[in-house]
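Reproduced below: target_15.cif, with mmCIF, N, CA and C atoms and all ligand atoms.
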data_structure
#
loop_
_atom_site.group_PDB
_atom_site.id
_atom_site.type_symbol
_atom_site.label_atom_id
_atom_site.label_comp_id
_atom_site.auth_asym_id
_atom_site.auth_seq_id
_atom_site.Cartn_x
_atom_site.Cartn_y
_atom_site.Cartn_z
ATOM 1 N N MET A 1 101.304 88.882 101.323
ATOM 2 C CA MET A 1 100.809 89.238 102.645
ATOM 3 C C MET A 1 100.852 90.759 102.825
ATOM 4 N N LYS A 2 99.740 91.310 103.250
ATOM 5 C CA LYS A 2 99.674 92.750 103.467
ATOM 6 C C LYS A 2 98.972 93.055 104.778
ATOM 7 N N ILE A 3 99.224 94.256 105.270
ATOM 8 C CA ILE A 3 98.531 94.720 106.468
ATOM 9 C C ILE A 3 97.290 95.481 106.021
ATOM 10 N N THR A 4 96.159 95.165 106.627
ATOM 11 C CA THR A 4 94.963 95.922 106.291
ATOM 12 C C THR A 4 94.730 97.054 107.291
ATOM 13 N N THR A 5 94.963 96.781 108.569
ATOM 14 C CA THR A 5 94.774 97.824 109.576
ATOM 15 C C THR A 5 95.858 97.765 110.636
ATOM 16 N N ILE A 6 96.344 98.932 111.021
ATOM 17 C CA ILE A 6 97.255 99.022 112.159
ATOM 18 C C ILE A 6 96.634 99.973 113.168
ATOM 19 N N SER A 7 96.548 99.535 114.408
ATOM 20 C CA SER A 7 96.030 100.405 115.457
ATOM 21 C C SER A 7 97.053 100.505 116.576
ATOM 22 N N ILE A 8 97.335 101.749 116.984
ATOM 23 C CA ILE A 8 98.274 101.968 118.083
ATOM 24 C C ILE A 8 97.482 102.184 119.366
ATOM 25 N N PHE A 9 97.749 101.343 120.350
ATOM 26 C CA PHE A 9 97.116 101.511 121.651
ATOM 27 C C PHE A 9 98.158 101.960 122.667
ATOM 28 N N MET A 10 97.736 102.173 123.882
ATOM 29 C CA MET A 10 98.641 102.640 124.936
ATOM 30 C C MET A 10 99.901 101.782 125.050
ATOM 31 N N SER A 11 99.716 100.484 125.084
ATOM 32 C CA SER A 11 100.891 99.630 125.287
ATOM 33 C C SER A 11 100.998 98.511 124.266
ATOM 34 N N ASP A 12 100.147 98.547 123.263
ATOM 35 C CA ASP A 12 100.167 97.491 122.244
ATOM 36 C C ASP A 12 99.991 98.055 120.837
ATOM 37 N N LEU A 13 100.413 97.239 119.896
ATOM 38 C CA LEU A 13 100.163 97.525 118.495
ATOM 39 C C LEU A 13 99.314 96.382 117.957
ATOM 40 N N ALA A 14 98.178 96.737 117.383
ATOM 41 C CA ALA A 14 97.302 95.703 116.834
ATOM 42 C C ALA A 14 97.387 95.742 115.314
ATOM 43 N N ILE A 15 97.560 94.574 114.729
ATOM 44 C CA ILE A 15 97.682 94.490 113.278
ATOM 45 C C ILE A 15 96.682 93.490 112.721
ATOM 46 N N ALA A 16 95.977 93.913 111.678
ATOM 47 C CA ALA A 16 95.094 92.992 110.965
ATOM 48 C C ALA A 16 95.691 92.730 109.600
ATOM 49 N N TRP A 17 95.752 91.470 109.231
ATOM 50 C CA TRP A 17 96.358 91.071 107.959
ATOM 51 C C TRP A 17 95.299 90.762 106.918
ATOM 52 N N ASP A 18 95.721 90.780 105.653
ATOM 53 C CA ASP A 18 94.753 90.535 104.588
ATOM 54 C C ASP A 18 94.379 89.056 104.448
ATOM 55 N N ASP A 19 94.978 88.204 105.278
ATOM 56 C CA ASP A 19 94.538 86.803 105.263
ATOM 57 C C ASP A 19 93.521 86.545 106.381
ATOM 58 N N GLN A 20 92.952 87.633 106.874
ATOM 59 C CA GLN A 20 91.882 87.593 107.888
ATOM 60 C C GLN A 20 92.388 87.291 109.304
ATOM 61 N N THR A 21 93.692 87.165 109.480
ATOM 62 C CA THR A 21 94.205 86.965 110.827
ATOM 63 C C THR A 21 94.576 88.332 111.410
ATOM 64 N N SER A 22 94.694 88.354 112.721
ATOM 65 C CA SER A 22 95.118 89.587 113.362
ATOM 66 C C SER A 22 95.846 89.243 114.647
ATOM 67 N N GLY A 23 96.552 90.210 115.167
ATOM 68 C CA GLY A 23 97.298 89.949 116.390
ATOM 69 C C GLY A 23 97.733 91.232 117.057
ATOM 70 N N VAL A 24 98.206 91.081 118.275
ATOM 71 C CA VAL A 24 98.607 92.224 119.075
ATOM 72 C C VAL A 24 100.053 92.014 119.532
ATOM 73 N N ILE A 25 100.848 93.041 119.427
ATOM 74 C CA ILE A 25 102.231 92.964 119.903
ATOM 75 C C ILE A 25 102.446 94.037 120.965
ATOM 76 N N GLU A 26 103.036 93.643 122.057
ATOM 77 C CA GLU A 26 103.336 94.587 123.123
ATOM 78 C C GLU A 26 104.383 95.577 122.638
ATOM 79 N N LEU A 27 104.164 96.875 122.891
ATOM 80 C CA LEU A 27 105.095 97.888 122.407
ATOM 81 C C LEU A 27 106.482 97.719 123.010
ATOM 82 N N LYS A 28 106.535 97.338 124.272
ATOM 83 C CA LYS A 28 107.823 97.125 124.929
ATOM 84 C C LYS A 28 108.646 96.076 124.206
ATOM 85 N N LYS A 29 107.951 94.995 123.859
ATOM 86 C CA LYS A 29 108.602 93.905 123.158
ATOM 87 C C LYS A 29 109.086 94.376 121.784
ATOM 88 N N LEU A 30 108.234 95.139 121.135
ATOM 89 C CA LEU A 30 108.525 95.629 119.796
ATOM 90 C C LEU A 30 109.766 96.529 119.803
ATOM 91 N N ARG A 31 109.830 97.401 120.791
ATOM 92 C CA ARG A 31 110.975 98.313 120.870
ATOM 93 C C ARG A 31 112.265 97.539 121.144
ATOM 94 N N LYS A 32 112.164 96.548 122.012
ATOM 95 C CA LYS A 32 113.359 95.770 122.336
ATOM 96 C C LYS A 32 113.865 94.990 121.127
ATOM 97 N N LEU A 33 112.957 94.685 120.214
ATOM 98 C CA LEU A 33 113.341 93.933 119.024
ATOM 99 C C LEU A 33 113.678 94.844 117.855
ATOM 100 N N CYS A 34 113.835 96.132 118.124
ATOM 101 C CA CYS A 34 114.120 97.097 117.049
ATOM 102 C C CYS A 34 115.242 96.569 116.155
ATOM 103 N N PRO A 35 114.937 96.409 114.865
ATOM 104 C CA PRO A 35 115.899 95.767 113.961
ATOM 105 C C PRO A 35 116.968 96.704 113.401
ATOM 106 N N CYS A 36 117.029 97.948 113.795
ATOM 107 C CA CYS A 36 118.017 98.849 113.197
ATOM 108 C C CYS A 36 119.425 98.474 113.651
ATOM 109 N N ALA A 37 120.407 98.935 112.913
ATOM 110 C CA ALA A 37 121.797 98.564 113.187
ATOM 111 C C ALA A 37 122.223 99.036 114.577
ATOM 112 N N PHE A 38 121.711 100.180 114.984
ATOM 113 C CA PHE A 38 122.087 100.744 116.273
ATOM 114 C C PHE A 38 121.617 99.844 117.423
ATOM 115 N N CYS A 39 120.392 99.377 117.352
ATOM 116 C CA CYS A 39 119.830 98.576 118.441
ATOM 117 C C CYS A 39 120.247 97.108 118.371
ATOM 118 N N SER A 40 120.267 96.562 117.176
ATOM 119 C CA SER A 40 120.529 95.134 117.078
ATOM 120 C C SER A 40 122.017 94.840 116.958
ATOM 121 N N GLY A 41 122.824 95.867 116.704
ATOM 122 C CA GLY A 41 124.268 95.679 116.656
ATOM 123 C C GLY A 41 124.757 95.368 115.263
ATOM 124 N N GLU A 42 125.947 95.845 114.963
ATOM 125 C CA GLU A 42 126.548 95.584 113.661
ATOM 126 C C GLU A 42 127.803 94.760 113.859
ATOM 127 N N LYS A 43 127.984 93.779 113.027
ATOM 128 C CA LYS A 43 129.159 92.925 113.152
ATOM 129 C C LYS A 43 130.299 93.456 112.299
ATOM 130 N N ASP A 44 131.502 93.458 112.847
ATOM 131 C CA ASP A 44 132.643 93.799 112.016
ATOM 132 C C ASP A 44 133.198 92.521 111.388
ATOM 133 N N VAL A 45 134.276 92.640 110.622
ATOM 134 C CA VAL A 45 134.812 91.479 109.902
ATOM 135 C C VAL A 45 135.288 90.368 110.833
ATOM 136 N N PHE A 46 135.558 90.712 112.089
ATOM 137 C CA PHE A 46 136.008 89.695 113.041
ATOM 138 C C PHE A 46 134.858 89.065 113.814
ATOM 139 N N GLY A 47 133.652 89.514 113.518
ATOM 140 C CA GLY A 47 132.495 88.938 114.193
ATOM 141 C C GLY A 47 132.150 89.619 115.504
ATOM 142 N N ASN A 48 132.876 90.696 115.822
ATOM 143 C CA ASN A 48 132.526 91.434 117.034
ATOM 144 C C ASN A 48 131.254 92.242 116.785
ATOM 145 N N VAL A 49 130.390 92.252 117.759
ATOM 146 C CA VAL A 49 129.144 92.990 117.607
ATOM 147 C C VAL A 49 129.237 94.315 118.360
ATOM 148 N N TYR A 50 128.972 95.377 117.636
ATOM 149 C CA TYR A 50 128.954 96.691 118.268
ATOM 150 C C TYR A 50 127.530 97.175 118.393
ATOM 151 N N LYS A 51 127.149 97.444 119.613
ATOM 152 C CA LYS A 51 125.805 97.969 119.818
ATOM 153 C C LYS A 51 125.890 99.397 120.304
ATOM 154 N N GLY A 52 124.933 100.194 119.859
ATOM 155 C CA GLY A 52 124.877 101.553 120.369
ATOM 156 C C GLY A 52 124.437 101.517 121.817
ATOM 157 N N LYS A 53 124.802 102.541 122.535
ATOM 158 C CA LYS A 53 124.350 102.618 123.929
ATOM 159 C C LYS A 53 122.901 103.058 123.940
ATOM 160 N N ARG A 54 122.112 102.271 124.580
ATOM 161 C CA ARG A 54 120.698 102.600 124.631
ATOM 162 C C ARG A 54 120.309 103.039 126.026
ATOM 163 N N THR A 55 119.808 104.213 126.146
ATOM 164 C CA THR A 55 119.206 104.585 127.408
ATOM 165 C C THR A 55 117.713 104.696 127.148
ATOM 166 N N LEU A 56 117.018 103.682 127.583
ATOM 167 C CA LEU A 56 115.594 103.622 127.320
ATOM 168 C C LEU A 56 114.816 104.261 128.464
ATOM 169 N N SER A 57 113.857 105.063 128.093
ATOM 170 C CA SER A 57 112.997 105.696 129.088
ATOM 171 C C SER A 57 111.557 105.290 128.807
ATOM 172 N N GLU A 58 110.653 105.864 129.540
ATOM 173 C CA GLU A 58 109.236 105.574 129.303
ATOM 174 C C GLU A 58 108.846 105.912 127.871
ATOM 175 N N ASN A 59 109.408 107.005 127.382
ATOM 176 C CA ASN A 59 109.094 107.440 126.023
ATOM 177 C C ASN A 59 109.581 106.462 124.958
ATOM 178 N N SER A 60 110.572 105.655 125.321
ATOM 179 C CA SER A 60 111.100 104.679 124.369
ATOM 180 C C SER A 60 110.058 103.633 124.012
ATOM 181 N N TYR A 61 109.091 103.487 124.866
ATOM 182 C CA TYR A 61 108.059 102.467 124.635
ATOM 183 C C TYR A 61 106.726 103.077 124.225
ATOM 184 N N ARG A 62 106.761 104.382 123.968
ATOM 185 C CA ARG A 62 105.548 105.037 123.494
ATOM 186 C C ARG A 62 105.648 105.202 121.995
ATOM 187 N N LEU A 63 104.672 104.683 121.297
ATOM 188 C CA LEU A 63 104.687 104.742 119.839
ATOM 189 C C LEU A 63 103.822 105.904 119.367
ATOM 190 N N LEU A 64 104.433 106.790 118.582
ATOM 191 C CA LEU A 64 103.714 107.970 118.112
ATOM 192 C C LEU A 64 102.975 107.689 116.814
ATOM 193 N N ARG A 65 103.715 107.135 115.866
ATOM 194 C CA ARG A 65 103.099 106.883 114.565
ATOM 195 C C ARG A 65 103.936 105.875 113.793
ATOM 196 N N PHE A 66 103.446 105.517 112.627
ATOM 197 C CA PHE A 66 104.185 104.588 111.774
ATOM 198 C C PHE A 66 104.098 105.072 110.345
ATOM 199 N N GLU A 67 104.947 104.536 109.514
ATOM 200 C CA GLU A 67 105.000 104.933 108.117
ATOM 201 C C GLU A 67 105.263 103.683 107.309
ATOM 202 N N LYS A 68 104.538 103.501 106.227
ATOM 203 C CA LYS A 68 104.784 102.322 105.405
ATOM 204 C C LYS A 68 106.083 102.482 104.636
ATOM 205 N N VAL A 69 106.844 101.404 104.563
ATOM 206 C CA VAL A 69 108.099 101.419 103.823
ATOM 207 C C VAL A 69 107.975 100.427 102.682
ATOM 208 N N GLY A 70 107.880 100.946 101.483
ATOM 209 C CA GLY A 70 107.727 100.083 100.319
ATOM 210 C C GLY A 70 106.547 99.148 100.493
ATOM 211 N N LEU A 71 106.738 97.917 100.057
ATOM 212 C CA LEU A 71 105.653 96.947 100.147
ATOM 213 C C LEU A 71 105.949 95.892 101.189
ATOM 214 N N TYR A 72 106.990 96.122 101.965
ATOM 215 C CA TYR A 72 107.439 95.035 102.822
ATOM 216 C C TYR A 72 107.488 95.343 104.305
ATOM 217 N N GLY A 73 107.336 96.602 104.675
ATOM 218 C CA GLY A 73 107.486 96.867 106.104
ATOM 219 C C GLY A 73 106.943 98.207 106.550
ATOM 220 N N ILE A 74 107.101 98.475 107.837
ATOM 221 C CA ILE A 74 106.714 99.769 108.388
ATOM 222 C C ILE A 74 107.838 100.302 109.269
ATOM 223 N N ARG A 75 107.937 101.611 109.283
ATOM 224 C CA ARG A 75 108.895 102.276 110.156
ATOM 225 C C ARG A 75 108.110 102.810 111.353
ATOM 226 N N LEU A 76 108.625 102.583 112.547
ATOM 227 C CA LEU A 76 107.934 103.026 113.747
ATOM 228 C C LEU A 76 108.617 104.252 114.337
ATOM 229 N N PHE A 77 107.830 105.218 114.722
ATOM 230 C CA PHE A 77 108.343 106.452 115.323
ATOM 231 C C PHE A 77 108.037 106.459 116.806
ATOM 232 N N TRP A 78 109.100 106.340 117.612
ATOM 233 C CA TRP A 78 108.931 106.281 119.062
ATOM 234 C C TRP A 78 109.038 107.683 119.659
ATOM 235 N N ALA A 79 108.438 107.831 120.827
ATOM 236 C CA ALA A 79 108.363 109.151 121.469
ATOM 237 C C ALA A 79 109.720 109.677 121.918
ATOM 238 N N ASP A 80 110.726 108.814 122.016
ATOM 239 C CA ASP A 80 112.051 109.311 122.401
ATOM 240 C C ASP A 80 112.873 109.743 121.187
ATOM 241 N N GLY A 81 112.231 109.782 120.005
ATOM 242 C CA GLY A 81 112.901 110.285 118.817
ATOM 243 C C GLY A 81 113.537 109.216 117.944
ATOM 244 N N HIS A 82 113.462 107.964 118.384
ATOM 245 C CA HIS A 82 114.071 106.890 117.619
ATOM 246 C C HIS A 82 113.130 106.411 116.513
ATOM 247 N N HIS A 83 113.652 106.338 115.279
ATOM 248 C CA HIS A 83 112.801 105.835 114.195
ATOM 249 C C HIS A 83 113.641 105.196 113.096
ATOM 250 N N ASP A 84 114.691 104.526 113.497
ATOM 251 C CA ASP A 84 115.581 103.903 112.510
ATOM 252 C C ASP A 84 115.162 102.494 112.125
ATOM 253 N N GLY A 85 114.346 101.880 112.957
ATOM 254 C CA GLY A 85 114.018 100.483 112.734
ATOM 255 C C GLY A 85 112.904 100.290 111.724
ATOM 256 N N ILE A 86 113.167 99.435 110.738
ATOM 257 C CA ILE A 86 112.121 99.073 109.791
ATOM 258 C C ILE A 86 111.701 97.642 110.097
ATOM 259 N N TYR A 87 110.466 97.503 110.490
ATOM 260 C CA TYR A 87 109.933 96.192 110.870
ATOM 261 C C TYR A 87 109.266 95.585 109.647
ATOM 262 N N THR A 88 109.794 94.474 109.186
ATOM 263 C CA THR A 88 109.218 93.862 107.995
ATOM 264 C C THR A 88 107.911 93.165 108.353
ATOM 265 N N TYR A 89 107.053 93.027 107.352
ATOM 266 C CA TYR A 89 105.780 92.331 107.564
ATOM 267 C C TYR A 89 106.034 90.930 108.089
ATOM 268 N N GLU A 90 107.071 90.323 107.536
ATOM 269 C CA GLU A 90 107.428 88.957 107.928
ATOM 270 C C GLU A 90 107.687 88.867 109.433
ATOM 271 N N MET A 91 108.452 89.837 109.927
ATOM 272 C CA MET A 91 108.778 89.873 111.346
ATOM 273 C C MET A 91 107.529 90.128 112.186
ATOM 274 N N LEU A 92 106.737 91.100 111.756
ATOM 275 C CA LEU A 92 105.522 91.438 112.503
ATOM 276 C C LEU A 92 104.534 90.280 112.497
ATOM 277 N N LYS A 93 104.473 89.624 111.362
ATOM 278 C CA LYS A 93 103.544 88.504 111.241
ATOM 279 C C LYS A 93 103.930 87.392 112.220
ATOM 280 N N SER A 94 105.203 87.105 112.286
ATOM 281 C CA SER A 94 105.626 86.025 113.184
ATOM 282 C C SER A 94 105.424 86.439 114.642
ATOM 283 N N LEU A 95 105.563 87.720 114.932
ATOM 284 C CA LEU A 95 105.335 88.192 116.300
ATOM 285 C C LEU A 95 103.866 88.101 116.690
ATOM 286 N N THR A 96 102.978 88.424 115.765
ATOM 287 C CA THR A 96 101.563 88.353 116.089
ATOM 288 C C THR A 96 101.105 86.890 116.169
ATOM 289 N N GLU A 97 101.758 86.044 115.409
ATOM 290 C CA GLU A 97 101.387 84.632 115.479
ATOM 291 C C GLU A 97 101.787 84.019 116.815
ATOM 292 N N ASN A 98 102.957 84.452 117.318
ATOM 293 C CA ASN A 98 103.418 83.905 118.597
ATOM 294 C C ASN A 98 102.539 84.322 119.763
ATOM 295 N N GLU A 99 101.819 85.421 119.570
ATOM 296 C CA GLU A 99 100.952 85.895 120.641
ATOM 297 C C GLU A 99 99.747 85.010 120.829
ATOM 298 N N ASN A 100 99.348 84.335 119.761
ATOM 299 C CA ASN A 100 98.096 83.557 119.833
ATOM 300 C C ASN A 100 98.265 82.251 120.596
HETATM 301 ZN ZN ZN A 201 116.672 100.871 116.762
#

Represent the structure from my file as structure tokens, please.
Amino acid sequence: MKITTISIFMSDLAIAWDDQTSGVIELKKLRKLCPCAFCSGEKDVFGNVYKGKRTLSENSYRLLRFEKVGLYGIRLFWADGHHDGIYTYEMLKSLTENEN
């Protein structure tokens, strides 16, 4: 599975896949699902989850650009300077499927 086209819109990310399907994901939703350790939390040996403090602003939901990461995902660069999250194709694919 590969991405053929990614388009960044004001409030959505549109992705076209090489299996001829495509979908749109709301940027707000995408940011909230940021998979990086800071946003999603890291578990210690006791199972406690530590999350970074997030102060989200309007810029947190503005997507500036993206970068391909290997063959499996993309890194998103948000306007508030956050770019730690690598969104795998698998994750993006399931998100675009749920939109339909
Ligand atoms: Zn994050």

Measuring atom to atom with only C-alpha atoms, identify which of A:Ile86, A:Ala37, A:Leu13, A:Met1 is nearest to Glu67 in chain A.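 Between A:Ile86, A:Ala37, A:Leu13, A:Met1, the residue approaching Glu67 in chain A most closely is A:Ile86.
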
Can you tell me which residues sit at most 8 Å away from ligand ZN 201 (chain A), counting only C-alpha atoms and all ligand atoms, written as a PyMOL selection string? chain A and resi 31+34-40+82-85

Can I get the selected residues back with N, CA and C atoms, as an mmCIF file, keeping the file's coordinate frame?
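Done, and the output landed in part-v3.cif:
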data_model
loop_
_atom_site.group_PDB
_atom_site.id
_atom_site.type_symbol
_atom_site.label_atom_id
_atom_site.label_comp_id
_atom_site.auth_asym_id
_atom_site.auth_seq_id
_atom_site.Cartn_x
_atom_site.Cartn_y
_atom_site.Cartn_z
ATOM 1 N N ARG A 31 109.830 97.401 120.791
ATOM 2 C CA ARG A 31 110.975 98.313 120.870
ATOM 3 C C ARG A 31 112.265 97.539 121.144
ATOM 4 N N CYS A 34 113.835 96.132 118.124
ATOM 5 C CA CYS A 34 114.120 97.097 117.049
ATOM 6 C C CYS A 34 115.242 96.569 116.155
ATOM 7 N N PRO A 35 114.937 96.409 114.865
ATOM 8 C CA PRO A 35 115.899 95.767 113.961
ATOM 9 C C PRO A 35 116.968 96.704 113.401
ATOM 10 N N CYS A 36 117.029 97.948 113.795
ATOM 11 C CA CYS A 36 118.017 98.849 113.197
ATOM 12 C C CYS A 36 119.425 98.474 113.651
ATOM 13 N N ALA A 37 120.407 98.935 112.913
ATOM 14 C CA ALA A 37 121.797 98.564 113.187
ATOM 15 C C ALA A 37 122.223 99.036 114.577
ATOM 16 N N PHE A 38 121.711 100.180 114.984
ATOM 17 C CA PHE A 38 122.087 100.744 116.273
ATOM 18 C C PHE A 38 121.617 99.844 117.423
ATOM 19 N N CYS A 39 120.392 99.377 117.352
ATOM 20 C CA CYS A 39 119.830 98.576 118.441
ATOM 21 C C CYS A 39 120.247 97.108 118.371
ATOM 22 N N SER A 40 120.267 96.562 117.176
ATOM 23 C CA SER A 40 120.529 95.134 117.078
ATOM 24 C C SER A 40 122.017 94.840 116.958
ATOM 25 N N HIS A 82 113.462 107.964 118.384
ATOM 26 C CA HIS A 82 114.071 106.890 117.619
ATOM 27 C C HIS A 82 113.130 106.411 116.513
ATOM 28 N N HIS A 83 113.652 106.338 115.279
ATOM 29 C CA HIS A 83 112.801 105.835 114.195
ATOM 30 C C HIS A 83 113.641 105.196 113.096
ATOM 31 N N ASP A 84 114.691 104.526 113.497
ATOM 32 C CA ASP A 84 115.581 103.903 112.510
ATOM 33 C C ASP A 84 115.162 102.494 112.125
ATOM 34 N N GLY A 85 114.346 101.880 112.957
ATOM 35 C CA GLY A 85 114.018 100.483 112.734
ATOM 36 C C GLY A 85 112.904 100.290 111.724
#

Just the residues within 10 Å of Gly81 in chain A, please, counting only C-alpha atoms, with nothing from its chain fewer than 3 positions along; format it as a list in words.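 Near neighbours after the sequence-gap exclusion: Asn59, Ser60, Leu63, Leu64, Phe77, Trp78 and Asp84 of chain A.
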
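Shortest atom-to-atom contact with Thr96 in chain A among A:Ser11, A:Thr55, A:Ser22, A:Thr5: A:Ser22, counting all atoms listed in the file.
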
Smallest atom-to-atom distance to Phe9 in chain A: which of A:Leu56, A:Arg65, A:Leu95, A:Val45, using only C-alpha atoms?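 With only C-alpha atoms as the atom set, the closest residue is A:Arg65.
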
With only N, CA and C atoms as the atoms that count, which of A:Asp44, A:Gly73, A:Thr88, A:Tyr61 lies nearest to Lys29 in chain A? A:Tyr61

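The spacing separating atom C of Ile3 in chain A from atom N of Asp19 in chain A amounts to 7.7 Å.
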
Quick one: 3 Å padding each side, axis-aligned, all listed atoms of range 14-27 of chain A - centre and edge lengths in Å to one decimal, as JSON?
{"center_x": 99.2, "center_y": 92.2, "center_z": 113.8, "size_x": 20.6, "size_y": 17.3, "size_z": 24.7}
